[in-house]
Structure formats: C-alpha cells, structure tokens
Amino acid sequence: MVSVGDLPEELIARPQALVVLTGIDIVHNAEHLRIWDAFSNNRRPDRVPIQFKMLPGDHDYLKLKQKKTAYDWVIPKGILKTNWMRKHLHDVPAVVVVFFELDWDEQLWNERKQACATFVEVVRTALHGRQTRAAVVLIQKNAPLPPGEDVVAADRATQLCNACELSAKALFVLPNSDHLLGYVIRLENAFYELAQAYYHHESRVVKAHRDHLNKTTHALLFVRHQFKVAFYNELKQDSHTALKHYRQAYLHLHELRITDYNLLEIKTNSCIVNFKICKLCFEHNTPLDAISQFRRHVDIYKSKIGTADLAFEHSAWMSKQFAVFGDLFEEAIRAGLTAIQTQHPGFYYQEAARYAIARKQLCRGLCPAELKYPASDPLAEADKMEYYGQRPWRQGHQSLEAPSVQKEREGIQALQYRECQVDHSWLVIPLLSSAIAQFKKYKSPRMKRYLVVQMGEEYYHAKDYSKALALLGRVTWEYRSERWWSILTNILQLSLRCAYLVMSFEEYVTVSIELMGRYAQVPREEKIRIQMNLHKIFQDEVPEPEHGCEHDSVEKGRALWTTISAGGKSRSPIVVEMNSITAFVECKACFTADSFLCESPVTVKLGLHSFAPMPIRFSQLSVRFSNEAYNQFGIVVDENAVDDPIESTSYLKPGQTLWHTFQFIVEQDDVDCNLSIAGVDLVLGSLEGCCATLRWTDGGGDAIVHPFATQVHRKKVALNADFSVVSWDVLPSNYSTHISPREANLDVQLLQKGPALVNEFYLMTVSITNTEVAQISNVRTSISVVTAVADAVATAQPNTFLYEDIDLPCSQLISMPLLEELKPNQKVDNVAYVRCVDSGARLMCIQVSYQIPIDISGKMSMCNCMKEITSSIEVCEPFNITVSLTNMKFEKIEKVQLGEAFLSRMEVKCLSPWPVALQGSSLNLAKLVKFADEESLSQLTDVSLKQNDCAVEFRCLLSSGQTPSEIDIGSYSIEWRRVQNGAAVPFASTTVSLPTVEAEPIPLSLHVDMPAYGHMKAVLPLTYLLHNQ
C-alpha cells in the first residue's frame, strides 16, 4: 500500500511522448535489430524526448471510453484517477509507426502496396478509434534520389498514401545504409512533430468540456481537466503552458469544500499538483517562485489535521512534503542553481525529520500496543484504488457523512495497527543524514552538530546502539569546548546507555568518568550510582543497568557483560585521554621554578583534585618527562591496603587536593636545555587485573573550560607558593623549565696591542686563570668572530680570518689545544692570529669550557661549566698612498703621449701608530704600459716609517699603442710589517690601483739636445731632432 504523501512513479518521471514502432522483427532480422538499436539506445539529452516501444501490429490497445454528450447527471467520484498518467505514459501511444520493407522499383508493387495498406488498417482497428497518429516508414535497400528527380518514386508514394489513407507527411523512407543514425534522428524529429500534434488535439478536446461543467456539481472535474491539459502540454514539452494550467488546477483545489472524509484526497491531489508546480519553477530557473509556492502550500494545509485519531497521518504527509521539496531543491542545485547558507535543502530535510519525529510521538500516543487488526480487512483494496487519496473502505464516496460508521471505525483501527508496525526511526535517520550533508556543505557547524545528536537519538531508538554511540562521540568535543553543559550531560547520559547495551568497556569508563565530574548536571545520587558501577567494573563485576533502557535490550547487554567478565576480556587495560574530557579528577603538575641550576635538584609539584561524590583510590601515579630517563623519579605506587585510606598516599577524597612532590638531579647532557613535563598517568583499578589509565598531556589542567586566552588574565600565583592554601582554579601552570649551567669561576682575558692593521697577522693572547677552589680538567678554548663593522655591507666573502698558527689554514672558528688540567690560581696563555682585509671594528668571542667535580646531595659528580667573553679589536689602514703622474720635468700631467716617457709618483704616508718596516715595493703594469728602463728597482727597500712619516718614489714609464684611448696603468704594492714583530711574523702586503689616464698619439716629436751649462759670450750648441711618428 502506498503511504500517505508518497508520490507515484509516473509523476516523478519526466513526461515523454510515447511512440510505438511496429513491423520490426528483431529476432529473425538483423537489419531490424540494427534499426531498433538506433532508436532505443544512446538516448542523449540532445535528442528529442520520445519514449519508444516496440509492439506487434495487432496489439490490443486500451479501448476508448464512450464520450459523454452531456454532464448534467454526471457526479464525479474523485479528483485524479490513479491510472490516468500511467495510461498516457506507457499504454496509449501518440504515434504508431509501421515499418514495411518496400522499394520503389518493387516488381510486385501492387501486391506489396496492398499488404502495407492492410497492415496499416490492422493498426487502426487495434487503436479502437483513438486519434493516435499513424505513420509508415519504408525500409529500402537503396538511398533515395533528390526530390523531383525520381518520377516513379513520387508517383508510387502518392499511390501508397491513397491506399493507406495517409497524408504525404506521414510517409517516410529509411535507406539501409551506413548513415543509419542520421536518418533515424531525422525520423525522430518527424515523429516528435506528429506526437505534438496529437497531444495538442487531446488538450483541446479536454478544454472543450469546460462549457458543459458547473462548479456546484462538477467542482472536482475543474481540477481534473486542468491537470489533464497541463499534463498533455508537458508531454508536448510546452512547460510554460503546463505550469499555467497546474497553477489553475491548484486554485480550483482550494475552492473545494473540505471535510474529514475528503481532506486526505484533497491533500494528496494538492501534493501532486504542488510537486508539478515546484518542479517546473526550478526547471524555469525561478527558484523564488518555487519556494513561495511551497511555503503557501504548507501554510494552507499545516493546520488541516483531519480526524484526531489519525493525526499521525498529517505529520507523515507534512514530512513527505518537506522531503520532496528538499529533493527538488537539491536536484536543481546539481543542475546549476546556486544556494546560500540561509536557504538550502538542508532546512527542508530538517523540517521533514521534525515532522517524522512528531509522527512517531503521535503514533505512541494514539496507537495502543494491544491493538489488533480488524477481521474485515478494510485495507484489502488499498493497492487497487481508482482515485488518489481516497480510503479503501469508501472509494468514490463524496458525501459529507461516512457511509458506515462501523467500517469507518474499523478502517481507523487498521490504519493505527499498520502505523504501529512502522519503525519510524528508519524514516527519520535518512532525512537527518541528508540535512547534515547540506548543513556541512554550506558551513553551518552548529546546525550540523544539533542534527547529529538527533540522529544519534534515532539510532538509539532503532536499537542500533553502536552507531548511536559513534555519532554522539563526534559532537561531544564541540559542546564541551563551548560549555553547553546541559546539552553535554544529556548526550553523555545517552552515550552511557549505549555503551552499556553494547558492552563498550572503554566508552563506558570514559563517559562514567565525565559524568562524575563537576560540570555534569546530574543529581548527586546519580553520580554515586555511576561511581559504584565504575568500581564494580574494576572489580570484574557486572555493572547495574542504566535507567531508561528497554527491558529486552538490558537483558542482552547484561548477558554481554557477564560473558566477557567471566572470560577475562574486560581485564585489558584502556587509556583515557583526559585533556579531551571534563573528568571527575583534575591534575595539575608544574615545576617550582622557571629555571634550575644544574647543581641543584629539580622539583616538581603535582596535585590531584577530586570532584567525585565518594572517595576513590588509584593504583599508580606517574609523571612523564621530555627526557624519559627521569620518568623513574615521578612514580607513586599504592602499596597500602585499600581499607586503610588514612595511611594511603593514593586515596582521593571529594573536594580535596592530594599533593605529591618529586625531586631529581639532571644529567649533564641536559644542561643549558629545556626540560618539560610530557604527561601524567593515573591508573584506576588493579594493575594485575582490570584497570584504566587516565592520561594527561603536558601538566594537565582544565584546558577545555579555561583555555590559554583566559588563563592569561588570572591572578598570578608564585611558583614557590604554598599550593595547599591556593584555590585550585588559580593554580599556576608551568610545564617547562630551563636547566641553567653552573657559573664558571675563571678569569679569561684577551691581551692585545691595538689597533690592528689591515692585512697584517695580528697577534692575540688568551689568558686563562683558574679561580675555582678545585682543580679543573678538559679545558677547551675557542675563538670566533661575532660581528664585523656595524655599518659594513654583508657580503658572501668573509673579511676576517683566524689562525691558530701562521703556518696553518685560516678559519672563522679556531680551537686551542686541549688542556687536560688546571690547578687553582694557575694561569695559562694561548696565542692566535687574526687577519682583517678591511678596516673597522671586530668583535671576538672567546669560549672556555671545562669540567669540575661538585657535591650534589652528597654525591660527587662532574659538572660542565663554560665561560664566555667578548672583546673588540679596532682595525685601521697602515698607509695612505697617493699616486700622481708627471712629465720628465716633474710637472703634473693629465694626459700622456704614446711612445713618450713619463713618471709615476707614489707618495706613501704612514698611518700606523707603530713603526713599520718596508721590505720594498713593486709595480704590476698593465698590458699597454712598460718601464722606460730595462731594470726598475724599488726606492723604498729597507725603509722604516713612523706615524705621519712620508716616503716618495718615482718610476719612469712608457705607454705604447697607435690609437688614442684610456689606458689602465696597473697597481702598486708595498711589502711591510711591524718593526716590533721582527722576523716572527711574515710581511704583509698593501696594494692600491694606479690611475687610469688618457693616452694620445703625436704625429711629430721634437727633442732638444743641449749642454748642461754654457759660457758667457760663447757659442751654445743646440741640437734639434724632429721625428715623424
């Protein structure tokens, strides 16, 4: 039997014109099978909407009813017939196409023509006078000639049309060629036009009845005829006209008089018409019209409940309305419609689920459990209804009173009995699932969580406790973090029942621990009962059943607990992550200082605060550190009897805090590192039997209820305060500490005679004096460059080089030789060199590490110590070198002549505060410059300069080349070192570039040769030499 509000399949499907193909033998004729496949297979969306059927020529179609000549005495028995849409979609064709093999050059033309006419006549007879269009398709072997060229074909086509009583537009030719699909598509378009003409004619016939109707007697026919016209237009694919007539049919439905006996029929037909209107509005891309129509539809009928004993039927009908509209909305979105967060299918699925839940509640209130099905079986004809929405025991009845009160009572009883057999939860769950998917898609997390809880409740009512438990577990974190304690408590209570019924040991313990906490809004008596059950579990006993569970489910759950407890399976230890729940016991562990010296013990304080209604004992407490080597120092094991709580160190009393203090010495590898609390483990139950490990990460705390953002604004409490007098909620959280190294008692100095000079090997002495009270060992010294000049531009090339010895390679970090021991007040010096390639300040870092024996808590241990100092070194240029060019008369020049000698003047001014010894100088000439003499010796060999002293030397040079150009002379270098360093330090080199000068050629040169001196009144001989260059 169809349920209230269910839509018939023919209504949901897209209406398509029915075209029957006859005369095709797909069993014995391969060509016919090929033709049928071309019509029926691969129906792409771009092909015309036609439904093809293959029937024999003598198929007996539905007989045409006798047409009414007058409606004066016609009293309709219902609104819409249940078989009318199915009849026109699957039984009554719009077009019957006769396929016949006949060529234009057929030798037995007359006989074949007559056979074709007879076939067509048989088809017309089988249609029983219906206006179904008939067409003939001639299957021919050869392709036809263009129109007008084949005179024989035109003449014989006319003869065939006359014999079959067909119009020329109903005769077609299908050549059996390789292009069969193209011909088939052209034939489909022609059939579609014939089908449209048929449905247009049928709609006009229905419209013609309007003049014979009156609203007093034929109000139902007004609705029926408008629906028929609309459906014919849908078959014709004229959706806009169809929508107009559907709207008119819906208006006529509102004009009908409603009673308790016809309300279901009116609501059912309104549901059908409303579905058509909304679907067409979505197809026309007018979603606001569809939503407006649906809201109006719901507003009209939501208060029309009908018979009070069948109120659950109204909720079922309302639920179906919202579910169907949600499906239409979602289908439109898949087709390209854009929805928004405040208007999407999820809201309609949610309402459908809400009415389905109301249906379940009404069923429980209206349908008694001892109800029996009537012996008369009033629902026997439910599957053979003639009209939509009518009752099986009074079909076709349209009066204001029930024909039989007894039958009416039995019918209501039968409907109530049938409703009792429905598992409503499995109707609600798919609706909630659809709603959750939509709210998740449109990013509404709170609505999604709310529906997940409802879905979990429905799974519980459906006795699928495992799925209910899984669903509820997904949302508890959000309700817990947002502090919805009342909602969270209800969810946890339902989860506890599910965990008991499916014997989920881990979930049962976890939920019990949280329901015993301070945020669970349950009575104290209930918390005591939960704690007693928890105690029974750890004693391998069966817990008492939870309140509110069904008796048969309780028996099954008790059997599971009994079986597993007897088999020892419940002894498997479980781990409960406490940072994700609000448990009855809270833990706070912290270091008593932000840092500890490596020579002093590290202290950790750990507090356990119980909110349970009764005292509870734990078996073991352990603190886990980031370095697992210290875990052994943070373990507390209960070794006292359970009956002696006063002496026990693991007995938690309600509302009290139990404190533990742990101390240990760190290893030397952890010096100058951070040490943190990785977690805390608290074991409930027996270590040898059934137990649960409550695990906190970091140092515990109530991170869910008091996140870090709110902890910042709390009252500050000193880490070394007496925690026993401080409120639990304001206790500090210090999960990490720093292990500081012991202060080194060494005197470290960097001895130098600054400033240093650029490019020299500058001597540094590191002086170390042991000021410790004991002998130190394994003394290691390293020197590194911290930074360069403050305004220097960072480059990829280093500008400072360190040398442990002059003969060794340079580095940015050097290590001095290891000193195995150094006695108290003993001093040692280490020498190193630094070479800087530019001027500026250098910051040198000296690190000295060593080991010293110390007494820590009565135990001698080697302690690592380190002393680090920084010292600045100023670096300056040793010389200021000025280079100029002169002619042979020592006159400054700006240009030189090609082939003419000139002088290069180098003036060296000493800037060093220390005397500098020059080894010599050298010129590195460019390619176009050479010395005027074969040998050019340095004039600054073995010269010493003090600060501000100057030394000058000349070099005679000669330029070559033929064309004017700018030439690069080369570079000038000086080898030098400090006088005080002596031969222990190699010479350094300072190089400057010589200027670039313009060289020009001279075509004629003049040289004058004259004596060095002359005599008065005597001839002075002069020789002039002209040289053509």
# chains A, B, ... in the order shown; residues from 1 in each chain; ligands from 1
call {"tool": "residues_around", "arguments": {"residues": "Lys279 in chain A", "least_positions_apart": "2", "cutoff": "9 Å", "atoms": "only C-alpha atoms", "output": "mmCIF file with N, CA, C and O atoms, in the first residue's frame"}}
result
data_model
loop_
_atom_site.group_PDB
_atom_site.id
_atom_site.type_symbol
_atom_site.label_atom_id
_atom_site.label_comp_id
_atom_site.auth_asym_id
_atom_site.auth_seq_id
_atom_site.Cartn_x
_atom_site.Cartn_y
_atom_site.Cartn_z
ATOM 1 N N ASN A 274 1.182 20.489 -6.461
ATOM 2 C CA ASN A 274 2.258 21.330 -5.924
ATOM 3 C C ASN A 274 3.620 20.818 -6.381
ATOM 4 O O ASN A 274 4.519 21.608 -6.695
ATOM 5 N N PHE A 275 3.797 19.503 -6.416
ATOM 6 C CA PHE A 275 5.056 18.935 -6.890
ATOM 7 C C PHE A 275 5.332 19.369 -8.329
ATOM 8 O O PHE A 275 6.461 19.764 -8.664
ATOM 9 N N LYS A 276 4.305 19.310 -9.164
ATOM 10 C CA LYS A 276 4.493 19.703 -10.557
ATOM 11 C C LYS A 276 4.846 21.180 -10.672
ATOM 12 O O LYS A 276 5.730 21.571 -11.454
ATOM 13 N N ILE A 277 4.178 22.027 -9.897
ATOM 14 C CA ILE A 277 4.438 23.467 -9.976
ATOM 15 C C ILE A 277 5.870 23.765 -9.535
ATOM 16 O O ILE A 277 6.603 24.503 -10.210
ATOM 17 N N CYS A 281 8.970 25.263 -11.833
ATOM 18 C CA CYS A 281 9.590 26.542 -11.466
ATOM 19 C C CYS A 281 11.109 26.392 -11.375
ATOM 20 O O CYS A 281 11.861 27.272 -11.836
ATOM 21 N N PHE A 282 11.567 25.296 -10.802
ATOM 22 C CA PHE A 282 13.013 25.072 -10.743
ATOM 23 C C PHE A 282 13.585 24.880 -12.147
ATOM 24 O O PHE A 282 14.681 25.366 -12.446
ATOM 25 N N GLU A 283 12.846 24.165 -13.009
ATOM 26 C CA GLU A 283 13.340 23.975 -14.375
ATOM 27 C C GLU A 283 13.394 25.286 -15.137
ATOM 28 O O GLU A 283 14.260 25.476 -15.998
ATOM 29 N N HIS A 284 12.490 26.223 -14.810
ATOM 30 C CA HIS A 284 12.490 27.540 -15.477
ATOM 31 C C HIS A 284 13.455 28.511 -14.833
ATOM 32 O O HIS A 284 13.483 29.687 -15.200
ATOM 33 N N ALA A 290 9.307 28.870 -6.812
ATOM 34 C CA ALA A 290 9.110 27.529 -6.256
ATOM 35 C C ALA A 290 9.041 27.580 -4.731
ATOM 36 O O ALA A 290 8.175 26.941 -4.110
ATOM 37 N N PHE A 325 10.231 18.427 -1.454
ATOM 38 C CA PHE A 325 10.728 19.731 -1.900
ATOM 39 C C PHE A 325 12.238 19.823 -1.719
ATOM 40 O O PHE A 325 12.937 20.419 -2.549
ATOM 41 N N LEU A 328 13.710 18.169 -4.687
ATOM 42 C CA LEU A 328 13.631 19.039 -5.868
ATOM 43 C C LEU A 328 14.675 20.150 -5.809
ATOM 44 O O LEU A 328 15.330 20.469 -6.815
ATOM 45 N N PHE A 329 14.836 20.734 -4.640
ATOM 46 C CA PHE A 329 15.816 21.811 -4.457
ATOM 47 C C PHE A 329 17.227 21.295 -4.722
ATOM 48 O O PHE A 329 18.024 21.937 -5.422
ATOM 49 N N ALA A 332 17.833 20.719 -8.376
ATOM 50 C CA ALA A 332 18.061 21.976 -9.083
ATOM 51 C C ALA A 332 19.481 22.487 -8.849
ATOM 52 O O ALA A 332 20.110 23.055 -9.751
#
call {"tool": "residues_around", "arguments": {"residues": "range 142-144 of chain A", "least_positions_apart": "2", "cutoff": "8 Å", "atoms": "only C-alpha atoms", "output": "list in words"}}
result
Asp103, Gln140, Pro146, Val173, Pro175, Asn176 and Ser177 of chain A
call {"tool": "atom_distance", "arguments": {"atom1": "CA of Glu202 in chain A", "atom2": "CA of Val229 in chain A"}}
result
8.1 Å
call {"tool": "closest_residue", "arguments": {"among": "A:Leu1026, A:Ile856, A:Val680, A:Cys549", "to": "Ala589 in chain A", "atoms": "only C-alpha atoms"}}
result
A:Val680
call {"tool": "residues_around", "arguments": {"residues": "Leu33 in chain A", "least_positions_apart": "6", "cutoff": "12 Å", "atoms": "only C-alpha atoms", "output": "list in words"}}
result
Gly23, Ile24, Asp25, Ile26, Val27, Phe39, Ser40, Asn41 and Met54 of chain A
call {"tool": "select_by_dssp", "arguments": {"residues": "range 278-521 of chain A", "states": "helix (DSSP H, G or I)", "output": "JSON, numbers by chain"}}
result
{"A": [278, 279, 280, 281, 282, 283, 287, 288, 289, 290, 291, 292, 293, 294, 295, 296, 297, 298, 299, 300, 301, 308, 309, 310, 311, 312, 313, 314, 315, 316, 317, 318, 319, 320, 321, 322, 323, 324, 325, 326, 327, 328, 329, 330, 331, 332, 333, 334, 345, 346, 347, 348, 349, 350, 351, 352, 353, 354, 355, 356, 357, 358, 359, 360, 361, 362, 363, 364, 365, 366, 382, 383, 384, 392, 393, 394, 405, 406, 407, 408, 409, 410, 411, 412, 413, 414, 415, 416, 417, 418, 419, 420, 425, 426, 427, 428, 429, 430, 431, 432, 433, 434, 435, 436, 437, 438, 439, 440, 441, 445, 446, 447, 448, 449, 450, 451, 452, 453, 454, 455, 456, 457, 458, 459, 460, 461, 465, 466, 467, 468, 469, 470, 471, 472, 473, 474, 475, 476, 477, 478, 479, 480, 481, 485, 486, 487, 488, 489, 490, 491, 492, 493, 494, 495, 496, 497, 498, 499, 500, 501, 505, 506, 507, 508, 509, 510, 511, 512, 513, 514, 515]}
call {"tool": "closest_atom_pairs", "arguments": {"of": "range 500-600 of chain A", "to": "range 689-703 of chain A", "cutoff": "10 Å", "atoms": "only C-alpha atoms", "output": "CSV"}}
result
residue,atom,partner,partner_atom,distance
A:Glu506,CA,A:Ala692,CA,8.5
A:Val509,CA,A:Ala692,CA,8.0
A:Thr510,CA,A:Ala692,CA,9.2
A:Ile513,CA,A:Leu694,CA,9.6
A:Ile537,CA,A:Cys690,CA,7.6
A:Phe538,CA,A:Cys690,CA,5.1
A:Gln539,CA,A:Cys690,CA,7.0
A:Asp540,CA,A:Cys690,CA,6.7
A:Ser565,CA,A:Cys690,CA,9.9
A:Gly568,CA,A:Cys690,CA,8.9
A:Lys569,CA,A:Cys690,CA,9.2
A:Ser570,CA,A:Cys690,CA,6.5
A:Arg571,CA,A:Cys690,CA,4.0
A:Ser572,CA,A:Cys690,CA,6.4
A:Pro573,CA,A:Cys691,CA,5.2
A:Ile574,CA,A:Ala692,CA,4.9
A:Val575,CA,A:Thr693,CA,4.7
A:Val576,CA,A:Leu694,CA,4.9
A:Glu577,CA,A:Arg695,CA,5.1
A:Met578,CA,A:Trp696,CA,5.2
A:Asn579,CA,A:Trp696,CA,5.7
A:Ser580,CA,A:Ala703,CA,8.6
A:Ile581,CA,A:Asp702,CA,9.1
A:Thr582,CA,A:Asp702,CA,7.6
A:Ala583,CA,A:Asp702,CA,9.4
A:Val585,CA,A:Leu694,CA,9.3
A:Glu586,CA,A:Gly701,CA,6.6
A:Cys587,CA,A:Gly700,CA,5.1
A:Lys588,CA,A:Gly700,CA,5.0
A:Ala589,CA,A:Gly699,CA,4.6
A:Cys590,CA,A:Gly699,CA,6.3
A:Phe591,CA,A:Gly699,CA,9.4
call {"tool": "write_last_selection", "arguments": {"atoms": "N, CA, C and O atoms", "output": "short mmCIF file (atom, residue, chain, number, x, y, z; two decimals), in the first residue's frame"}}
result
data_model
loop_
_atom_site.label_atom_id
_atom_site.label_comp_id
_atom_site.auth_asym_id
_atom_site.auth_seq_id
_atom_site.Cartn_x
_atom_site.Cartn_y
_atom_site.Cartn_z
N GLU A 506 35.61 0.59 27.04
CA GLU A 506 36.35 1.85 27.03
C GLU A 506 35.41 3.05 27.06
O GLU A 506 35.61 3.99 27.83
N VAL A 509 33.67 3.44 30.55
CA VAL A 509 34.53 4.03 31.57
C VAL A 509 34.74 5.51 31.30
O VAL A 509 34.67 6.34 32.22
N THR A 510 35.00 5.88 30.03
CA THR A 510 35.25 7.29 29.71
C THR A 510 34.05 8.16 30.03
O THR A 510 34.18 9.23 30.64
N ILE A 513 33.49 8.51 33.81
CA ILE A 513 34.45 9.43 34.41
C ILE A 513 34.00 10.87 34.21
O ILE A 513 34.13 11.72 35.11
N ILE A 537 33.14 -2.45 37.80
CA ILE A 537 33.86 -2.84 36.58
C ILE A 537 35.31 -3.15 36.90
O ILE A 537 35.87 -4.15 36.42
N PHE A 538 35.95 -2.30 37.71
CA PHE A 538 37.35 -2.53 38.04
C PHE A 538 37.52 -3.75 38.96
O PHE A 538 38.64 -4.26 39.11
N GLN A 539 36.42 -4.21 39.56
CA GLN A 539 36.45 -5.44 40.35
C GLN A 539 36.00 -6.66 39.54
O GLN A 539 35.76 -7.72 40.09
N ASP A 540 35.89 -6.48 38.21
CA ASP A 540 35.45 -7.54 37.31
C ASP A 540 34.05 -8.03 37.66
O ASP A 540 33.74 -9.23 37.55
N SER A 565 33.06 -10.68 31.24
CA SER A 565 33.71 -10.66 32.56
C SER A 565 34.15 -12.05 32.95
O SER A 565 35.24 -12.25 33.50
N GLY A 568 37.31 -13.00 31.15
CA GLY A 568 38.52 -12.23 31.44
C GLY A 568 38.87 -11.19 30.40
O GLY A 568 39.93 -10.58 30.45
N LYS A 569 38.01 -10.94 29.42
CA LYS A 569 38.33 -9.99 28.35
C LYS A 569 38.30 -8.55 28.85
O LYS A 569 38.95 -7.69 28.31
N SER A 570 37.53 -8.28 29.91
CA SER A 570 37.44 -6.91 30.40
C SER A 570 38.71 -6.48 31.13
O SER A 570 38.83 -5.35 31.54
N ARG A 571 39.67 -7.40 31.34
CA ARG A 571 40.89 -7.06 32.04
C ARG A 571 41.86 -6.28 31.16
O ARG A 571 42.88 -5.80 31.65
N SER A 572 41.62 -6.18 29.90
CA SER A 572 42.52 -5.45 29.02
C SER A 572 42.56 -3.98 29.45
O SER A 572 41.52 -3.34 29.56
N PRO A 573 43.75 -3.43 29.72
CA PRO A 573 43.82 -2.03 30.17
C PRO A 573 43.44 -1.08 29.05
O PRO A 573 43.67 -1.36 27.87
N ILE A 574 42.87 0.02 29.44
CA ILE A 574 42.48 1.05 28.47
C ILE A 574 43.14 2.36 28.87
O ILE A 574 43.56 2.55 30.01
N VAL A 575 43.23 3.28 27.92
CA VAL A 575 43.82 4.60 28.14
C VAL A 575 42.75 5.64 27.84
O VAL A 575 42.14 5.63 26.77
N VAL A 576 42.51 6.54 28.79
CA VAL A 576 41.52 7.61 28.64
C VAL A 576 42.28 8.92 28.51
O VAL A 576 43.04 9.30 29.42
N GLU A 577 42.11 9.61 27.38
CA GLU A 577 42.77 10.90 27.16
C GLU A 577 42.00 11.98 27.93
O GLU A 577 40.91 12.39 27.55
N MET A 578 42.58 12.45 29.02
CA MET A 578 41.87 13.35 29.93
C MET A 578 41.81 14.79 29.43
O MET A 578 40.97 15.57 29.87
N ASN A 579 42.71 15.16 28.52
CA ASN A 579 42.68 16.54 28.02
C ASN A 579 41.49 16.82 27.13
O ASN A 579 41.21 17.98 26.81
N SER A 580 40.77 15.79 26.72
CA SER A 580 39.63 16.00 25.82
C SER A 580 38.30 15.81 26.53
O SER A 580 37.26 15.88 25.88
N ILE A 581 38.31 15.60 27.85
CA ILE A 581 37.05 15.45 28.59
C ILE A 581 37.13 16.28 29.87
O ILE A 581 38.21 16.71 30.28
N THR A 582 35.97 16.49 30.49
CA THR A 582 35.91 17.17 31.78
C THR A 582 35.63 16.10 32.84
O THR A 582 34.48 15.78 33.12
N ALA A 583 36.69 15.56 33.41
CA ALA A 583 36.58 14.37 34.25
C ALA A 583 36.32 14.76 35.71
O ALA A 583 36.37 15.93 36.10
N VAL A 585 38.26 13.91 38.14
CA VAL A 585 39.54 14.18 38.76
C VAL A 585 40.34 15.06 37.83
O VAL A 585 40.38 14.83 36.61
N GLU A 586 40.94 16.12 38.40
CA GLU A 586 41.77 17.04 37.62
C GLU A 586 43.18 17.00 38.16
O GLU A 586 43.40 16.80 39.36
N CYS A 587 44.12 17.19 37.26
CA CYS A 587 45.54 17.09 37.59
C CYS A 587 46.24 18.38 37.17
O CYS A 587 45.97 18.92 36.10
N LYS A 588 47.14 18.84 38.04
CA LYS A 588 47.99 19.98 37.71
C LYS A 588 49.39 19.70 38.21
O LYS A 588 49.60 19.48 39.40
N ALA A 589 50.33 19.67 37.30
CA ALA A 589 51.74 19.44 37.63
C ALA A 589 52.55 20.60 37.10
O ALA A 589 52.32 21.08 35.99
N CYS A 590 53.51 21.05 37.91
CA CYS A 590 54.32 22.19 37.46
C CYS A 590 55.67 22.14 38.15
O CYS A 590 55.85 21.57 39.23
N PHE A 591 56.66 22.74 37.48
CA PHE A 591 57.97 22.94 38.09
C PHE A 591 57.87 24.11 39.07
O PHE A 591 57.13 25.08 38.84
#
call {"tool": "residues_around", "arguments": {"residues": "range 976-985 of chain A", "least_positions_apart": "3", "cutoff": "12 Å", "atoms": "only C-alpha atoms", "output": "PyMOL selection string"}}
result
chain A and resi 753+756-763+805-807+833-835+878-879+910+912-921+940-947+973+988-991
call {"tool": "closest_residue", "arguments": {"among": "A:Ser433, A:Gln248, A:Ser481, A:Gln421", "to": "Arg364 in chain A", "atoms": "only C-alpha atoms"}}
result
A:Gln421
call {"tool": "closest_residue", "arguments": {"among": "A:Glu265, A:Glu541, A:Glu507, A:Asp464", "to": "His397 in chain A", "atoms": "only C-alpha atoms"}}
result
A:Glu265
call {"tool": "atom_distance", "arguments": {"atom1": "CA of Lys556 in chain A", "atom2": "CA of Cys498 in chain A"}}
result
12.1 Å
call {"tool": "decode", "arguments": {"residues": "range 451-469 of chain A", "atoms": "N, CA and C atoms", "output": "PDB file, in the first residue's frame"}}
result
ATOM      1  N   LEU A 451      21.872  18.297  14.555  1.00  0.00           N
ATOM      2  CA  LEU A 451      21.225  17.213  13.821  1.00  0.00           C
ATOM      3  C   LEU A 451      21.936  15.881  14.056  1.00  0.00           C
ATOM      4  N   VAL A 452      23.249  15.936  14.263  1.00  0.00           N
ATOM      5  CA  VAL A 452      23.973  14.694  14.561  1.00  0.00           C
ATOM      6  C   VAL A 452      23.480  14.104  15.875  1.00  0.00           C
ATOM      7  N   VAL A 453      23.226  14.974  16.859  1.00  0.00           N
ATOM      8  CA  VAL A 453      22.687  14.487  18.136  1.00  0.00           C
ATOM      9  C   VAL A 453      21.316  13.851  17.920  1.00  0.00           C
ATOM     10  N   GLN A 454      20.460  14.504  17.133  1.00  0.00           N
ATOM     11  CA  GLN A 454      19.143  13.930  16.843  1.00  0.00           C
ATOM     12  C   GLN A 454      19.282  12.584  16.133  1.00  0.00           C
ATOM     13  N   MET A 455      20.229  12.510  15.234  1.00  0.00           N
ATOM     14  CA  MET A 455      20.430  11.261  14.501  1.00  0.00           C
ATOM     15  C   MET A 455      20.900  10.157  15.449  1.00  0.00           C
ATOM     16  N   GLY A 456      21.785  10.511  16.390  1.00  0.00           N
ATOM     17  CA  GLY A 456      22.208   9.537  17.372  1.00  0.00           C
ATOM     18  C   GLY A 456      21.051   9.040  18.222  1.00  0.00           C
ATOM     19  N   GLU A 457      20.144   9.930  18.599  1.00  0.00           N
ATOM     20  CA  GLU A 457      18.972   9.525  19.364  1.00  0.00           C
ATOM     21  C   GLU A 457      18.088   8.573  18.564  1.00  0.00           C
ATOM     22  N   GLU A 458      17.968   8.837  17.278  1.00  0.00           N
ATOM     23  CA  GLU A 458      17.137   7.956  16.449  1.00  0.00           C
ATOM     24  C   GLU A 458      17.781   6.580  16.302  1.00  0.00           C
ATOM     25  N   TYR A 459      19.093   6.551  16.156  1.00  0.00           N
ATOM     26  CA  TYR A 459      19.767   5.246  16.117  1.00  0.00           C
ATOM     27  C   TYR A 459      19.558   4.503  17.438  1.00  0.00           C
ATOM     28  N   TYR A 460      19.528   5.250  18.526  1.00  0.00           N
ATOM     29  CA  TYR A 460      19.268   4.617  19.817  1.00  0.00           C
ATOM     30  C   TYR A 460      17.864   4.022  19.851  1.00  0.00           C
ATOM     31  N   HIS A 461      16.886   4.786  19.366  1.00  0.00           N
ATOM     32  CA  HIS A 461      15.522   4.265  19.339  1.00  0.00           C
ATOM     33  C   HIS A 461      15.386   3.094  18.369  1.00  0.00           C
ATOM     34  N   ALA A 462      16.217   3.094  17.321  1.00  0.00           N
ATOM     35  CA  ALA A 462      16.204   1.989  16.363  1.00  0.00           C
ATOM     36  C   ALA A 462      17.009   0.786  16.859  1.00  0.00           C
ATOM     37  N   LYS A 463      17.582   0.913  18.064  1.00  0.00           N
ATOM     38  CA  LYS A 463      18.355  -0.156  18.716  1.00  0.00           C
ATOM     39  C   LYS A 463      19.662  -0.470  17.990  1.00  0.00           C
ATOM     40  N   ASP A 464      20.146   0.520  17.232  1.00  0.00           N
ATOM     41  CA  ASP A 464      21.477   0.388  16.657  1.00  0.00           C
ATOM     42  C   ASP A 464      22.415   1.191  17.558  1.00  0.00           C
ATOM     43  N   TYR A 465      22.759   0.620  18.694  1.00  0.00           N
ATOM     44  CA  TYR A 465      23.445   1.368  19.743  1.00  0.00           C
ATOM     45  C   TYR A 465      24.893   1.699  19.367  1.00  0.00           C
ATOM     46  N   SER A 466      25.516   0.882  18.571  1.00  0.00           N
ATOM     47  CA  SER A 466      26.908   1.148  18.185  1.00  0.00           C
ATOM     48  C   SER A 466      27.002   2.419  17.350  1.00  0.00           C
ATOM     49  N   LYS A 467      26.109   2.555  16.362  1.00  0.00           N
ATOM     50  CA  LYS A 467      26.128   3.766  15.537  1.00  0.00           C
ATOM     51  C   LYS A 467      25.729   4.989  16.353  1.00  0.00           C
ATOM     52  N   ALA A 468      24.779   4.815  17.261  1.00  0.00           N
ATOM     53  CA  ALA A 468      24.386   5.936  18.116  1.00  0.00           C
ATOM     54  C   ALA A 468      25.567   6.410  18.946  1.00  0.00           C
ATOM     55  N   LEU A 469      26.314   5.472  19.503  1.00  0.00           N
ATOM     56  CA  LEU A 469      27.475   5.824  20.322  1.00  0.00           C
ATOM     57  C   LEU A 469      28.540   6.527  19.496  1.00  0.00           C
TER      58      LEU A 469
END
